[in-house]
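Asks: For reference, this is query.pdb, and it has PDB, C-alpha atoms.
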```pdb
ATOM      1  CA  MET A   1     110.164  68.598  89.971  1.00  0.00           C
ATOM      2  CA  GLY A   2     111.332  70.624  92.930  1.00  0.00           C
ATOM      3  CA  VAL A   3     113.649  69.451  95.709  1.00  0.00           C
ATOM      4  CA  PRO A   4     111.728  68.830  98.929  1.00  0.00           C
ATOM      5  CA  PHE A   5     112.706  71.316 101.647  1.00  0.00           C
ATOM      6  CA  GLU A   6     113.562  68.498 104.070  1.00  0.00           C
ATOM      7  CA  ALA A   7     116.663  67.776 101.947  1.00  0.00           C
ATOM      8  CA  LEU A   8     118.084  71.234 102.744  1.00  0.00           C
ATOM      9  CA  ILE A   9     117.716  71.075 106.546  1.00  0.00           C
ATOM     10  CA  PRO A  10     120.997  69.155 107.131  1.00  0.00           C
ATOM     11  CA  TYR A  11     122.880  71.696 105.026  1.00  0.00           C
ATOM     12  CA  GLY A  12     121.418  74.455 107.152  1.00  0.00           C
ATOM     13  CA  ILE A  13     122.604  72.664 110.288  1.00  0.00           C
ATOM     14  CA  ILE A  14     126.109  72.125 108.839  1.00  0.00           C
ATOM     15  CA  VAL A  15     126.526  75.764 107.790  1.00  0.00           C
ATOM     16  CA  GLY A  16     125.089  76.994 111.070  1.00  0.00           C
ATOM     17  CA  MET A  17     127.356  74.861 113.262  1.00  0.00           C
ATOM     18  CA  PHE A  18     130.535  75.750 111.348  1.00  0.00           C
ATOM     19  CA  GLY A  19     129.503  79.401 111.490  1.00  0.00           C
ATOM     20  CA  LEU A  20     128.916  79.155 115.235  1.00  0.00           C
ATOM     21  CA  THR A  21     132.361  77.709 115.973  1.00  0.00           C
ATOM     22  CA  GLY A  22     134.033  80.205 113.656  1.00  0.00           C
ATOM     23  CA  ALA A  23     132.300  83.152 115.275  1.00  0.00           C
ATOM     24  CA  GLY A  24     133.118  81.795 118.729  1.00  0.00           C
ATOM     25  CA  LEU A  25     136.829  81.355 117.965  1.00  0.00           C
ATOM     26  CA  THR A  26     137.000  84.815 116.403  1.00  0.00           C
ATOM     27  CA  ALA A  27     135.364  86.306 119.484  1.00  0.00           C
ATOM     28  CA  VAL A  28     137.775  84.505 121.836  1.00  0.00           C
ATOM     29  CA  LYS A  29     140.781  85.671 119.804  1.00  0.00           C
ATOM     30  CA  TRP A  30     139.484  89.236 119.647  1.00  0.00           C
ATOM     31  CA  LEU A  31     138.787  89.395 123.370  1.00  0.00           C
ATOM     32  CA  GLY A  32     142.077  87.715 124.241  1.00  0.00           C
ATOM     33  CA  ASN A  33     144.021  90.314 122.253  1.00  0.00           C
ATOM     34  CA  GLU A  34     141.977  93.255 123.578  1.00  0.00           C
ATOM     35  CA  GLY A  35     140.693  94.210 120.125  1.00  0.00           C
ATOM     36  CA  LYS A  36     144.115  94.240 118.450  1.00  0.00           C
ATOM     37  CA  LYS A  37     145.515  91.890 115.852  1.00  0.00           C
ATOM     38  CA  ALA A  38     147.202  88.860 117.405  1.00  0.00           C
ATOM     39  CA  ARG A  39     150.980  88.667 117.701  1.00  0.00           C
ATOM     40  CA  TRP A  40     152.488  85.814 115.705  1.00  0.00           C
ATOM     41  CA  ASN A  41     155.926  84.291 115.192  1.00  0.00           C
ATOM     42  CA  ARG A  42     157.134  85.512 118.587  1.00  0.00           C
ATOM     43  CA  ASP A  43     160.660  84.647 119.592  1.00  0.00           C
ATOM     44  CA  LEU A  44     162.139  84.609 123.101  1.00  0.00           C
ATOM     45  CA  TRP A  45     162.851  88.352 123.018  1.00  0.00           C
ATOM     46  CA  ASP A  46     159.230  89.131 122.111  1.00  0.00           C
ATOM     47  CA  ARG A  47     157.885  86.882 124.869  1.00  0.00           C
ATOM     48  CA  VAL A  48     160.164  88.439 127.475  1.00  0.00           C
ATOM     49  CA  MET A  49     159.166  91.926 126.333  1.00  0.00           C
ATOM     50  CA  MET A  50     155.452  91.029 126.459  1.00  0.00           C
ATOM     51  CA  GLU A  51     155.952  89.811 130.029  1.00  0.00           C
ATOM     52  CA  ARG A  52     157.587  93.152 130.810  1.00  0.00           C
ATOM     53  CA  ASP A  53     154.627  94.966 129.190  1.00  0.00           C
ATOM     54  CA  LEU A  54     152.324  92.997 131.482  1.00  0.00           C
ATOM     55  CA  ARG A  55     154.286  94.143 134.530  1.00  0.00           C
ATOM     56  CA  ILE A  56     154.147  97.788 133.416  1.00  0.00           C
ATOM     57  CA  THR A  57     150.556  98.070 132.234  1.00  0.00           C
ATOM     58  CA  GLY A  58     148.789  95.226 134.021  1.00  0.00           C
ATOM     59  CA  THR A  59     147.108  93.911 130.869  1.00  0.00           C
ATOM     60  CA  LEU A  60     148.365  91.392 128.325  1.00  0.00           C
ATOM     61  CA  ARG A  61     148.297  93.641 125.254  1.00  0.00           C
ATOM     62  CA  GLY A  62     148.404  97.056 126.894  1.00  0.00           C
ATOM     63  CA  GLN A  63     151.083  99.536 125.837  1.00  0.00           C
ATOM     64  CA  SER A  64     152.403 102.642 127.501  1.00  0.00           C
ATOM     65  CA  GLY A  65     154.655 105.385 126.180  1.00  0.00           C
ATOM     66  CA  ASN A  66     155.610 106.898 129.531  1.00  0.00           C
ATOM     67  CA  ALA A  67     159.243 107.716 130.171  1.00  0.00           C
ATOM     68  CA  GLU A  68     159.092 106.669 133.811  1.00  0.00           C
ATOM     69  CA  ALA A  69     158.075 103.254 135.084  1.00  0.00           C
ATOM     70  CA  PRO A  70     155.235 102.934 137.614  1.00  0.00           C
ATOM     71  CA  LYS A  71     156.134 102.629 141.286  1.00  0.00           C
ATOM     72  CA  GLY A  72     157.301  99.168 142.266  1.00  0.00           C
ATOM     73  CA  PHE A  73     158.160  98.072 138.732  1.00  0.00           C
ATOM     74  CA  GLU A  74     161.849  97.682 139.512  1.00  0.00           C
ATOM     75  CA  LEU A  75     160.996  95.155 142.240  1.00  0.00           C
ATOM     76  CA  SER A  76     158.639  92.968 140.166  1.00  0.00           C
ATOM     77  CA  ASN A  77     161.386  91.341 138.109  1.00  0.00           C
ATOM     78  CA  PRO A  78     161.009  87.543 138.216  1.00  0.00           C
ATOM     79  CA  TRP A  79     163.912  85.184 138.848  1.00  0.00           C
ATOM     80  CA  LYS A  80     163.648  81.808 137.142  1.00  0.00           C
ATOM     81  CA  LEU A  81     163.868  78.892 139.573  1.00  0.00           C
ATOM     82  CA  GLU A  82     164.620  75.269 138.870  1.00  0.00           C
ATOM     83  CA  LYS A  83     164.998  72.131 140.947  1.00  0.00           C
ATOM     84  CA  ARG A  84     168.556  71.459 142.009  1.00  0.00           C
ATOM     85  CA  ILE A  85     170.227  69.061 139.562  1.00  0.00           C
ATOM     86  CA  TYR A  86     172.922  66.938 141.262  1.00  0.00           C
TER      87      TYR A  86
ATOM     88  CA  MET B   1     174.426  83.936 141.902  1.00  0.00           C
ATOM     89  CA  ALA B   2     174.186  80.769 139.881  1.00  0.00           C
ATOM     90  CA  ALA B   3     176.911  80.044 137.392  1.00  0.00           C
ATOM     91  CA  ARG B   4     174.485  79.152 134.603  1.00  0.00           C
ATOM     92  CA  GLU B   5     170.992  80.053 133.433  1.00  0.00           C
ATOM     93  CA  PRO B   6     168.124  77.837 134.640  1.00  0.00           C
ATOM     94  CA  GLN B   7     167.131  75.427 131.883  1.00  0.00           C
ATOM     95  CA  PHE B   8     163.914  73.678 132.946  1.00  0.00           C
ATOM     96  CA  ASN B   9     162.390  76.216 135.275  1.00  0.00           C
ATOM     97  CA  GLN B  10     158.918  75.492 136.598  1.00  0.00           C
ATOM     98  CA  GLN B  11     158.372  78.580 138.711  1.00  0.00           C
ATOM     99  CA  VAL B  12     159.592  82.113 139.204  1.00  0.00           C
ATOM    100  CA  LEU B  13     160.519  84.043 142.324  1.00  0.00           C
ATOM    101  CA  VAL B  14     159.597  87.712 142.635  1.00  0.00           C
ATOM    102  CA  ASP B  15     161.876  89.252 145.232  1.00  0.00           C
ATOM    103  CA  THR B  16     160.325  92.464 146.520  1.00  0.00           C
ATOM    104  CA  THR B  17     163.233  93.385 148.788  1.00  0.00           C
ATOM    105  CA  PRO B  18     164.442  96.837 147.741  1.00  0.00           C
ATOM    106  CA  MET B  19     168.028  97.414 146.733  1.00  0.00           C
ATOM    107  CA  PRO B  20     170.369  98.396 149.604  1.00  0.00           C
ATOM    108  CA  ALA B  21     170.686 102.107 150.201  1.00  0.00           C
ATOM    109  CA  ASP B  22     174.362 102.272 149.282  1.00  0.00           C
ATOM    110  CA  ILE B  23     173.524 101.533 145.622  1.00  0.00           C
ATOM    111  CA  PRO B  24     172.178 104.713 143.982  1.00  0.00           C
ATOM    112  CA  SER B  25     168.767 104.154 142.465  1.00  0.00           C
ATOM    113  CA  VAL B  26     167.590 105.059 138.976  1.00  0.00           C
ATOM    114  CA  GLN B  27     164.068 105.493 137.630  1.00  0.00           C
ATOM    115  CA  GLU B  28     163.403 102.639 135.207  1.00  0.00           C
ATOM    116  CA  VAL B  29     162.191 103.298 131.652  1.00  0.00           C
ATOM    117  CA  GLY B  30     158.402 102.987 131.631  1.00  0.00           C
ATOM    118  CA  ALA B  31     157.837 102.580 127.901  1.00  0.00           C
ATOM    119  CA  THR B  32     156.607  99.167 126.781  1.00  0.00           C
ATOM    120  CA  SER B  33     157.766  97.125 123.789  1.00  0.00           C
ATOM    121  CA  ALA B  34     155.997  98.933 120.938  1.00  0.00           C
ATOM    122  CA  PRO B  35     157.042 102.487 121.959  1.00  0.00           C
ATOM    123  CA  LEU B  36     160.579 101.247 122.593  1.00  0.00           C
ATOM    124  CA  THR B  37     160.711  99.647 119.134  1.00  0.00           C
ATOM    125  CA  SER B  38     159.412 102.881 117.658  1.00  0.00           C
ATOM    126  CA  ALA B  39     161.993 105.023 119.476  1.00  0.00           C
ATOM    127  CA  ALA B  40     164.863 102.543 119.201  1.00  0.00           C
ATOM    128  CA  TYR B  41     166.826 104.288 116.440  1.00  0.00           C
ATOM    129  CA  PHE B  42     166.527 107.674 118.140  1.00  0.00           C
ATOM    130  CA  ILE B  43     167.732 106.190 121.430  1.00  0.00           C
ATOM    131  CA  GLY B  44     170.610 104.704 119.476  1.00  0.00           C
ATOM    132  CA  ASP B  45     171.388 108.049 117.894  1.00  0.00           C
ATOM    133  CA  ARG B  46     171.520 110.065 121.110  1.00  0.00           C
ATOM    134  CA  CYS B  47     172.835 107.390 123.484  1.00  0.00           C
ATOM    135  CA  LYS B  48     175.438 105.666 121.324  1.00  0.00           C
ATOM    136  CA  ALA B  49     178.349 106.855 123.486  1.00  0.00           C
ATOM    137  CA  PHE B  50     176.710 105.711 126.744  1.00  0.00           C
ATOM    138  CA  ASN B  51     175.691 102.363 125.264  1.00  0.00           C
ATOM    139  CA  ASP B  52     179.153 101.680 123.855  1.00  0.00           C
ATOM    140  CA  ASP B  53     180.670 102.710 127.177  1.00  0.00           C
ATOM    141  CA  TYR B  54     178.435 100.240 129.012  1.00  0.00           C
ATOM    142  CA  MET B  55     179.184  97.378 126.630  1.00  0.00           C
ATOM    143  CA  LYS B  56     182.919  98.048 126.895  1.00  0.00           C
ATOM    144  CA  CYS B  57     182.649  98.096 130.688  1.00  0.00           C
ATOM    145  CA  LYS B  58     180.808  94.756 130.673  1.00  0.00           C
ATOM    146  CA  GLN B  59     183.401  93.285 128.365  1.00  0.00           C
ATOM    147  CA  ASP B  60     186.290  94.481 130.514  1.00  0.00           C
ATOM    148  CA  ALA B  61     184.673  93.511 133.824  1.00  0.00           C
ATOM    149  CA  ASN B  62     185.351  89.831 133.193  1.00  0.00           C
ATOM    150  CA  GLY B  63     181.947  88.496 134.266  1.00  0.00           C
ATOM    151  CA  ARG B  64     181.405  90.928 137.144  1.00  0.00           C
ATOM    152  CA  GLY B  65     179.721  93.552 134.946  1.00  0.00           C
ATOM    153  CA  GLU B  66     176.452  93.455 136.903  1.00  0.00           C
ATOM    154  CA  PHE B  67     178.242  94.909 139.923  1.00  0.00           C
ATOM    155  CA  GLU B  68     181.014  96.988 138.421  1.00  0.00           C
ATOM    156  CA  CYS B  69     179.051  98.631 135.599  1.00  0.00           C
ATOM    157  CA  LEU B  70     176.138  99.955 137.664  1.00  0.00           C
ATOM    158  CA  LYS B  71     177.275 103.530 137.063  1.00  0.00           C
ATOM    159  CA  GLU B  72     177.408 103.089 133.277  1.00  0.00           C
ATOM    160  CA  GLY B  73     174.098 101.208 133.373  1.00  0.00           C
ATOM    161  CA  ARG B  74     172.364 104.082 135.148  1.00  0.00           C
ATOM    162  CA  LYS B  75     173.605 106.455 132.445  1.00  0.00           C
ATOM    163  CA  VAL B  76     172.157 104.161 129.751  1.00  0.00           C
ATOM    164  CA  THR B  77     168.775 104.053 131.516  1.00  0.00           C
ATOM    165  CA  ARG B  78     168.658 107.819 132.069  1.00  0.00           C
ATOM    166  CA  CYS B  79     169.609 108.551 128.465  1.00  0.00           C
ATOM    167  CA  ALA B  80     166.929 106.231 127.034  1.00  0.00           C
ATOM    168  CA  ALA B  81     164.312 107.733 129.367  1.00  0.00           C
ATOM    169  CA  SER B  82     165.334 111.245 128.294  1.00  0.00           C
ATOM    170  CA  VAL B  83     164.797 110.370 124.620  1.00  0.00           C
ATOM    171  CA  ILE B  84     161.337 108.924 125.346  1.00  0.00           C
ATOM    172  CA  LYS B  85     160.474 111.995 127.421  1.00  0.00           C
ATOM    173  CA  ASP B  86     161.583 114.406 124.666  1.00  0.00           C
ATOM    174  CA  ILE B  87     159.667 112.519 121.971  1.00  0.00           C
ATOM    175  CA  ASN B  88     156.586 112.515 124.207  1.00  0.00           C
ATOM    176  CA  THR B  89     156.933 116.260 124.740  1.00  0.00           C
ATOM    177  CA  HIS B  90     157.462 117.282 121.105  1.00  0.00           C
ATOM    178  CA  CYS B  91     156.080 114.542 118.830  1.00  0.00           C
ATOM    179  CA  LEU B  92     153.418 112.812 120.911  1.00  0.00           C
ATOM    180  CA  LYS B  93     150.872 112.528 118.079  1.00  0.00           C
ATOM    181  CA  GLN B  94     153.234 110.979 115.506  1.00  0.00           C
ATOM    182  CA  PHE B  95     154.878 108.789 118.143  1.00  0.00           C
ATOM    183  CA  THR B  96     151.550 107.399 119.371  1.00  0.00           C
ATOM    184  CA  ALA B  97     150.365 106.815 115.801  1.00  0.00           C
ATOM    185  CA  HIS B  98     153.521 104.869 114.977  1.00  0.00           C
ATOM    186  CA  TRP B  99     153.598 102.625 118.028  1.00  0.00           C
ATOM    187  CA  GLU B 100     149.894 101.892 117.813  1.00  0.00           C
ATOM    188  CA  CYS B 101     150.425 100.860 114.192  1.00  0.00           C
ATOM    189  CA  LEU B 102     153.349  98.654 115.265  1.00  0.00           C
ATOM    190  CA  GLU B 103     151.312  97.059 118.047  1.00  0.00           C
ATOM    191  CA  ASN B 104     148.575  96.233 115.571  1.00  0.00           C
ATOM    192  CA  ASN B 105     151.004  94.741 113.029  1.00  0.00           C
ATOM    193  CA  ASN B 106     153.102  92.317 115.088  1.00  0.00           C
ATOM    194  CA  HIS B 107     155.794  95.001 115.612  1.00  0.00           C
ATOM    195  CA  ASN B 108     156.839  94.734 111.966  1.00  0.00           C
ATOM    196  CA  LEU B 109     158.481  98.010 111.008  1.00  0.00           C
ATOM    197  CA  TRP B 110     157.808  97.509 107.304  1.00  0.00           C
ATOM    198  CA  GLU B 111     154.033  97.683 107.787  1.00  0.00           C
ATOM    199  CA  CYS B 112     154.182 101.170 109.325  1.00  0.00           C
ATOM    200  CA  ARG B 113     156.424 103.225 107.038  1.00  0.00           C
ATOM    201  CA  LYS B 114     153.945 106.080 106.637  1.00  0.00           C
ATOM    202  CA  PRO B 115     153.630 106.902 110.364  1.00  0.00           C
ATOM    203  CA  GLU B 116     157.346 106.262 110.650  1.00  0.00           C
ATOM    204  CA  MET B 117     158.190 108.873 108.002  1.00  0.00           C
ATOM    205  CA  GLU B 118     156.092 111.443 109.852  1.00  0.00           C
ATOM    206  CA  LEU B 119     157.702 110.525 113.178  1.00  0.00           C
ATOM    207  CA  ASN B 120     161.208 110.659 111.700  1.00  0.00           C
ATOM    208  CA  LYS B 121     160.530 114.081 110.191  1.00  0.00           C
ATOM    209  CA  CYS B 122     159.084 115.474 113.434  1.00  0.00           C
ATOM    210  CA  VAL B 123     161.906 114.071 115.583  1.00  0.00           C
ATOM    211  CA  PHE B 124     164.560 115.376 113.204  1.00  0.00           C
ATOM    212  CA  ASP B 125     162.995 118.854 113.124  1.00  0.00           C
ATOM    213  CA  LYS B 126     162.372 119.139 116.863  1.00  0.00           C
ATOM    214  CA  LEU B 127     165.126 117.050 118.461  1.00  0.00           C
ATOM    215  CA  GLY B 128     167.736 116.665 115.729  1.00  0.00           C
ATOM    216  CA  LEU B 129     167.850 112.877 116.017  1.00  0.00           C
ATOM    217  CA  LYS B 130     168.101 110.950 112.760  1.00  0.00           C
ATOM    218  CA  LYS B 131     167.304 107.334 112.059  1.00  0.00           C
ATOM    219  CA  THR B 132     170.260 105.517 110.542  1.00  0.00           C
ATOM    220  CA  ILE B 133     170.467 101.755 110.220  1.00  0.00           C
ATOM    221  CA  PRO B 134     173.910 100.624 111.382  1.00  0.00           C
ATOM    222  CA  GLY B 135     175.804  98.514 108.887  1.00  0.00           C
ATOM    223  CA  ALA B 136     173.511  99.290 105.951  1.00  0.00           C
ATOM    224  CA  PRO B 137     175.259  99.338 102.543  1.00  0.00           C
ATOM    225  CA  GLU B 138     176.425 102.832 101.630  1.00  0.00           C
ATOM    226  CA  ASN B 139     175.526 102.771  97.937  1.00  0.00           C
ATOM    227  CA  GLN B 140     171.850 101.808  98.328  1.00  0.00           C
ATOM    228  CA  THR B 141     168.758 103.537  99.632  1.00  0.00           C
ATOM    229  CA  PRO B 142     168.211 102.458 103.264  1.00  0.00           C
ATOM    230  CA  VAL B 143     165.238 100.143 103.600  1.00  0.00           C
ATOM    231  CA  HIS B 144     163.165 102.603 105.664  1.00  0.00           C
ATOM    232  CA  LEU B 145     163.330 105.216 102.888  1.00  0.00           C
ATOM    233  CA  ARG B 146     162.130 102.974 100.078  1.00  0.00           C
ATOM    234  CA  PRO B 147     158.469 103.600  99.196  1.00  0.00           C
ATOM    235  CA  LYS B 148     157.910  99.954  98.255  1.00  0.00           C
ATOM    236  CA  GLN B 149     158.266  97.383 101.046  1.00  0.00           C
ATOM    237  CA  ILE B 150     158.474  93.879  99.634  1.00  0.00           C
ATOM    238  CA  TYR B 151     157.105  92.097 102.729  1.00  0.00           C
ATOM    239  CA  ALA B 152     154.270  94.518 103.477  1.00  0.00           C
ATOM    240  CA  GLN B 153     150.648  93.419 103.180  1.00  0.00           C
ATOM    241  CA  PHE B 154     149.907  96.427 100.978  1.00  0.00           C
ATOM    242  CA  PRO B 155     151.998  95.893  97.824  1.00  0.00           C
ATOM    243  CA  GLY B 156     152.049  99.442  96.447  1.00  0.00           C
ATOM    244  CA  PRO B 157     153.990 102.501  97.604  1.00  0.00           C
ATOM    245  CA  GLN B 158     153.597 102.968 101.347  1.00  0.00           C
ATOM    246  CA  TYR B 159     153.515 106.782 101.318  1.00  0.00           C
TER     247      TYR B 159
END
```
Please express what this file holds, its structure, as structure tokens.
Replies:
Amino acid sequence: MGVPFEALIPYGIIVGMFGLTGAGLTAVKWLGNEGKKARWNRDLWDRVMMERDLRITGTLRGQSGNAEAPKGFELSNPWKLEKRIY
Amino acid sequence: MAAREPQFNQQVLVDTTPMPADIPSVQEVGATSAPLTSAAYFIGDRCKAFNDDYMKCKQDANGRGEFECLKEGRKVTRCAASVIKDINTHCLKQFTAHWECLENNNHNLWECRKPEMELNKCVFDKLGLKKTIPGAPENQTPVHLRPKQIYAQFPGPQY
């Protein structure tokens, strides 16, 4: 006696929905990292250097091997501010 | 200048006022993190004297190193930029291959030993700069010359 096809519809929905979220998250990660593998386990040095990369190249994961910085780079250095603590 | 680093900063200030004219300017290094990681040991090889000079100046300046060591700092910047420029002139292909590999592997040097060997060979032939790891034990093979890298994703010999 065969299984009626209506019994398999929920499984199709489950697999389809999990697949949809997985594909969506993969796409977001891929686009967010500009097609490269994501950085992981970043420490403070890595985060500061990635911020510097952003100021040089203008994109989050862009890299540049030039010896000379673009014009205006030396003036884009951020100072950290905090509220005055009395 | 504040006496301590900000701890709970909520915002940053970008001050676009140029430096006063009486401070000589220097062209900043334009390489980003992956190319700098790739070229780090060659910069260390050529610029060791300048770097040590700068660190000694900062140590002796008693907290006023930002002002008193500007001259030494400019030498450090110029030397690092010269190394990057020379590598770009002579070994552009190997250099690009290595830093693109690093950028794709979380800047882990042990994942990119094959491009690194080619870059090291090219830089040593053309520029005479050699990668040495400071403080490595004398009686063992340095880690960048071992074919097998224990943390690498690929478990076999890397090259």
Asks: Each residue of chain A with at least one atom at most 12 Å from chain B should appear once, together with its nearest atom pair and the corresponding distance in Å (one decimal); atoms considered: only C-alpha atoms; ordering: chain, then increasing residue number; output as CSV.
Replies:
```
residue,atom,partner,partner_atom,distance
A:Asn33,CA,B:Asn104,CA,10.0
A:Glu34,CA,B:Asn104,CA,10.8
A:Gly35,CA,B:Asn104,CA,9.3
A:Lys36,CA,B:Asn104,CA,5.7
A:Lys37,CA,B:Asn104,CA,5.3
A:Ala38,CA,B:Asn106,CA,7.2
A:Arg39,CA,B:Asn106,CA,5.0
A:Trp40,CA,B:Asn106,CA,6.6
A:Asn41,CA,B:Asn106,CA,8.5
A:Arg42,CA,B:Asn106,CA,8.6
A:Asp43,CA,B:Asn106,CA,11.7
A:Trp45,CA,B:Ser33,CA,10.2
A:Asp46,CA,B:Ser33,CA,8.3
A:Arg47,CA,B:Ser33,CA,10.3
A:Val48,CA,B:Ser33,CA,9.7
A:Met49,CA,B:Ser33,CA,6.0
A:Met50,CA,B:Ser33,CA,7.0
A:Glu51,CA,B:Ser33,CA,9.8
A:Arg52,CA,B:Thr32,CA,7.3
A:Asp53,CA,B:Thr32,CA,5.2
A:Leu54,CA,B:Thr32,CA,8.9
A:Arg55,CA,B:Thr32,CA,9.5
A:Ile56,CA,B:Gly30,CA,7.0
A:Thr57,CA,B:Thr32,CA,8.2
A:Gly58,CA,B:Thr32,CA,11.4
A:Thr59,CA,B:Thr32,CA,11.6
A:Leu60,CA,B:Thr32,CA,11.4
A:Arg61,CA,B:Glu103,CA,8.5
A:Gly62,CA,B:Thr32,CA,8.5
A:Gln63,CA,B:Thr32,CA,5.6
A:Ser64,CA,B:Ala31,CA,5.4
A:Gly65,CA,B:Ala31,CA,4.6
A:Asn66,CA,B:Ala31,CA,5.1
A:Ala67,CA,B:Gly30,CA,5.0
A:Glu68,CA,B:Gly30,CA,4.3
A:Ala69,CA,B:Gly30,CA,3.5
A:Pro70,CA,B:Gly30,CA,6.8
A:Lys71,CA,B:Gln27,CA,9.2
A:Gly72,CA,B:Thr16,CA,8.5
A:Phe73,CA,B:Glu28,CA,7.8
A:Glu74,CA,B:Glu28,CA,6.7
A:Leu75,CA,B:Thr16,CA,5.1
A:Ser76,CA,B:Val14,CA,5.9
A:Asn77,CA,B:Val14,CA,6.1
A:Pro78,CA,B:Val14,CA,4.6
A:Trp79,CA,B:Leu13,CA,5.0
A:Lys80,CA,B:Val12,CA,4.6
A:Leu81,CA,B:Asn9,CA,5.3
A:Glu82,CA,B:Asn9,CA,4.3
A:Lys83,CA,B:Asn9,CA,7.5
A:Arg84,CA,B:Pro6,CA,9.8
A:Ile85,CA,B:Phe8,CA,10.2
```
Asks: What gap, in Å, lies between CA of Asn51 (chain B) and CA of Leu145 (chain B)?
Replies: 25.7 Å
Asks: One decimal, in Å: what's the spacing between CA of Gly156 (chain B) and CA of Gly135 (chain B)?
Replies: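 Between CA of Gly156 (chain B) and CA of Gly135 (chain B) the gap works out to 26.8 Å.
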Asks: For the atom pair CA of Leu127 (chain B) and CA of His90 (chain B), what is the interatomic distance in Å to one decimal place?
Replies: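 Interatomic distance, CA of Leu127 (chain B) to CA of His90 (chain B): 8.1 Å.
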Asks: Compile the contact shell of region 41-45 of chain B as an mmCIF file with C-alpha atoms, keeping the file's coordinate frame: residues with an atom at most 6 Å away, counting all atoms listed in the file, same-chain residues fewer than 3 positions apart removed.
Replies:
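Saved as result-v5.cif:
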```cif
data_model
loop_
_atom_site.group_PDB
_atom_site.id
_atom_site.type_symbol
_atom_site.label_atom_id
_atom_site.label_comp_id
_atom_site.auth_asym_id
_atom_site.auth_seq_id
_atom_site.Cartn_x
_atom_site.Cartn_y
_atom_site.Cartn_z
ATOM 1 C CA LYS B 48 175.438 105.666 121.324
ATOM 2 C CA ALA B 80 166.929 106.231 127.034
ATOM 3 C CA LEU B 129 167.850 112.877 116.017
ATOM 4 C CA LYS B 131 167.304 107.334 112.059
#
```
